[in-house]
Amino acid sequence: MSNNQFEKKGWTPERIGKLDGKTFLITGTTSGTGFEATKILLSKGASVVMLNRNTKKAENTITRLKQALGENIDVHSIQLDLANQASVKQAAAEILASIQRIDALICNAAIAQTPKRELTVDGWESQMGVNYFGHFTLQALLFPLIEKSNGRIVSVGSMGYDMGLKTIKFEDLQWDKDYTPNKAYSQSKLAQIMTIYELQNRMNSAGKSAVKAYACHPGASRTSLIKNSGSILMRIIFALMSPLTQSAEKGAYSQLMCATEAELDQQSFYGPTGRSNWVGPVGAHKLEAHAKNRDVAKRLWELSETSTGVKWAL
């Protein structure tokens with residue numbers, strides 16, 4: 001796109017300098033965009049803490065990364081199940097006890113298109129519980145260390161935010177009625193994106209400018225997301241769409257940009273700028289107005305603090 005601040009080619013990891021001494025935390029790193037982001041950050045000398053539910057997969061991932069990049073890479077793993085608030089709180093406590101700084105927390109993990117309505121152990125619709133509430137609690141608990149580090153919060157949303165309801169379904173947040181996989185997924189991604197801009201507003205009001213918060217998305221990337229949680233029909237549809245998609249590595253570009261690029265407008269929304277924002281050069285592009293509705297975002301924030309029992313230090 002001609003108005004891309006990174007010009008015709010868009011943002012690429014070539015812009016990342018040496019990251020020695022910097023620490024990045026990423027949720028969902030055993031495959032897909034999270035794995036690719038981890039690999040690129042490590043290749044630049046960063047320390048990466050991988051946050052995953054499956055410890056065996058995480059161990060295997062570290063082995064793969066060392067085979068590709070060498071034994072001296074600085075990568076660690078902490079167990080985190082975003083579907084379980086107790087696990088999120090335990091992981092946050094472990095992070096705060098063992099990590100000295102957080103240059104960026106990248107909230108990448110997700111489940112998508114869950115065929116049947118399921119609830120987390122905390123009673124939330126599963127996609128909302130994992131994609132939104134799990135990350136909300138993690139961000140809140142780590143915020144003091146991120147602030148101390150002059151760090152960043154990067155929320156990996158989805159263009160799916162605009163493919164369902166154009167607001168938050170407060171009257172039936174757990175989808176007791178009219179559940180559809182796509183609408184529930186869309187809701188979780190809209191919530192993730194809305195909360196980043198509400199966080200910006202609250203930091204501005206509190207006079208806190210040390211932390212930067214960004215919303216982005218990977219476009220249509222070839223990952224195992226739908227294979228892991230989607231229905232058979234959705235898997236078939238996404239397989240047929242494969243020629244129109246991009247690699248998982250390119251899907252990681254937007255989160256890497258938001259985690260490392262010096263001059264980015266926090267009010268923008270970042271991702272591929274080509275066809276339907278599925279693929280193409282990475283940069284800022286249009287975000288529909290309902291994703292920045294202040295009244296809805298404020299209500300969602302307050303509900304989230306009450307529901308999780310976690311208050312932000314703002």
# chains A, B, ... in the order shown; residues from 1 in each chain; ligands from 1

$ select_by_dssp --residues "segment 72-213 of chain A" --states "helix (DSSP H, G or I)" --output "PyMOL selection string"
chain A and resi 85-98+126-148+159-162+170-172+181-205

$ residues_around --residues "Lys189 of chain A" --least-positions-apart "3" --cutoff "12 Å" --atoms "only C-alpha atoms" --output "MDAnalysis selection string"
chainID A and resid 107:113 127:133 135 155:168 182:186 192:196 215:217 291

$ residues_around --residues "Glu198 of chain A" --least-positions-apart "4" --cutoff "8 Å" --atoms "only C-alpha atoms" --output "ChimeraX atom specification"
/A:194,202,294,297-298,301

$ atom_distance --atom1 "atom CA of Ala213 of chain A" --atom2 "atom CA of Gln267 of chain A"
8.9 Å

$ atom_distance --atom1 "atom CA of Ser98 of chain A" --atom2 "atom CA of Ser77 of chain A"
11.6 Å

$ closest_residue --among "A:Val282, A:Glu59, A:Leu314, A:Thr120" --to "Phe143 of chain A" --atoms "only C-alpha atoms"
A:Leu314

$ residues_around --residues "Asn150 of chain A" --least-positions-apart "3" --cutoff "8 Å" --atoms "only C-alpha atoms" --output "number ranges by chain"
A: 103, 146-147, 210-212

$ residues_around --residues "Lys18 of chain A" --least-positions-apart "5" --cutoff "8 Å" --atoms "only C-alpha atoms" --output "ChimeraX atom specification"
/A:44-46

$ write_last_selection --atoms "N, CA and C atoms" --output "short mmCIF file (atom, residue, chain, number, x, y, z; two decimals), in the first residue's frame"
data_model
loop_
_atom_site.label_atom_id
_atom_site.label_comp_id
_atom_site.auth_asym_id
_atom_site.auth_seq_id
_atom_site.Cartn_x
_atom_site.Cartn_y
_atom_site.Cartn_z
N LYS A 44 17.89 -12.89 17.02
CA LYS A 44 18.40 -11.53 17.18
C LYS A 44 19.08 -11.32 18.53
N GLY A 45 19.18 -12.40 19.32
CA GLY A 45 19.89 -12.32 20.59
C GLY A 45 19.02 -12.08 21.81
N ALA A 46 17.71 -12.09 21.63
CA ALA A 46 16.80 -11.85 22.76
C ALA A 46 16.70 -13.07 23.66
#

$ select_by_dssp --residues "segment 84-174 of chain A" --states "strand (DSSP E)" --output "list of chain:residue names"
A:Ala104, A:Leu105, A:Ile106, A:Cys107, A:Arg152, A:Ile153, A:Val154, A:Ser155, A:Val156

$ residues_around --residues "segment 65-72 of chain A" --least-positions-apart "6" --cutoff "8 Å" --atoms "only C-alpha atoms" --output "count of residues only"
3

$ closest_residue --among "A:Lys292, A:Lys22, A:Lys286, A:Arg152" --to "Leu264 of chain A" --atoms "only C-alpha atoms"
A:Arg152

$ closest_residue --among "A:Ser47, A:Asn84, A:Asn60, A:Asn52" --to "Gly34 of chain A" --atoms "only C-alpha atoms"
A:Asn52

$ closest_residue --among "A:Gly274, A:Ile153, A:Asp295, A:Leu199" --to "Trp312 of chain A" --atoms "only C-alpha atoms"
A:Leu199

$ closest_residue --among "A:Ala259, A:Leu80, A:Leu190, A:Leu51" --to "Gly151 of chain A" --atoms "only C-alpha atoms"
A:Ala259

$ atom_distance --atom1 "atom CA of Thr61 of chain A" --atom2 "atom CA of Asp81 of chain A"
17.0 Å
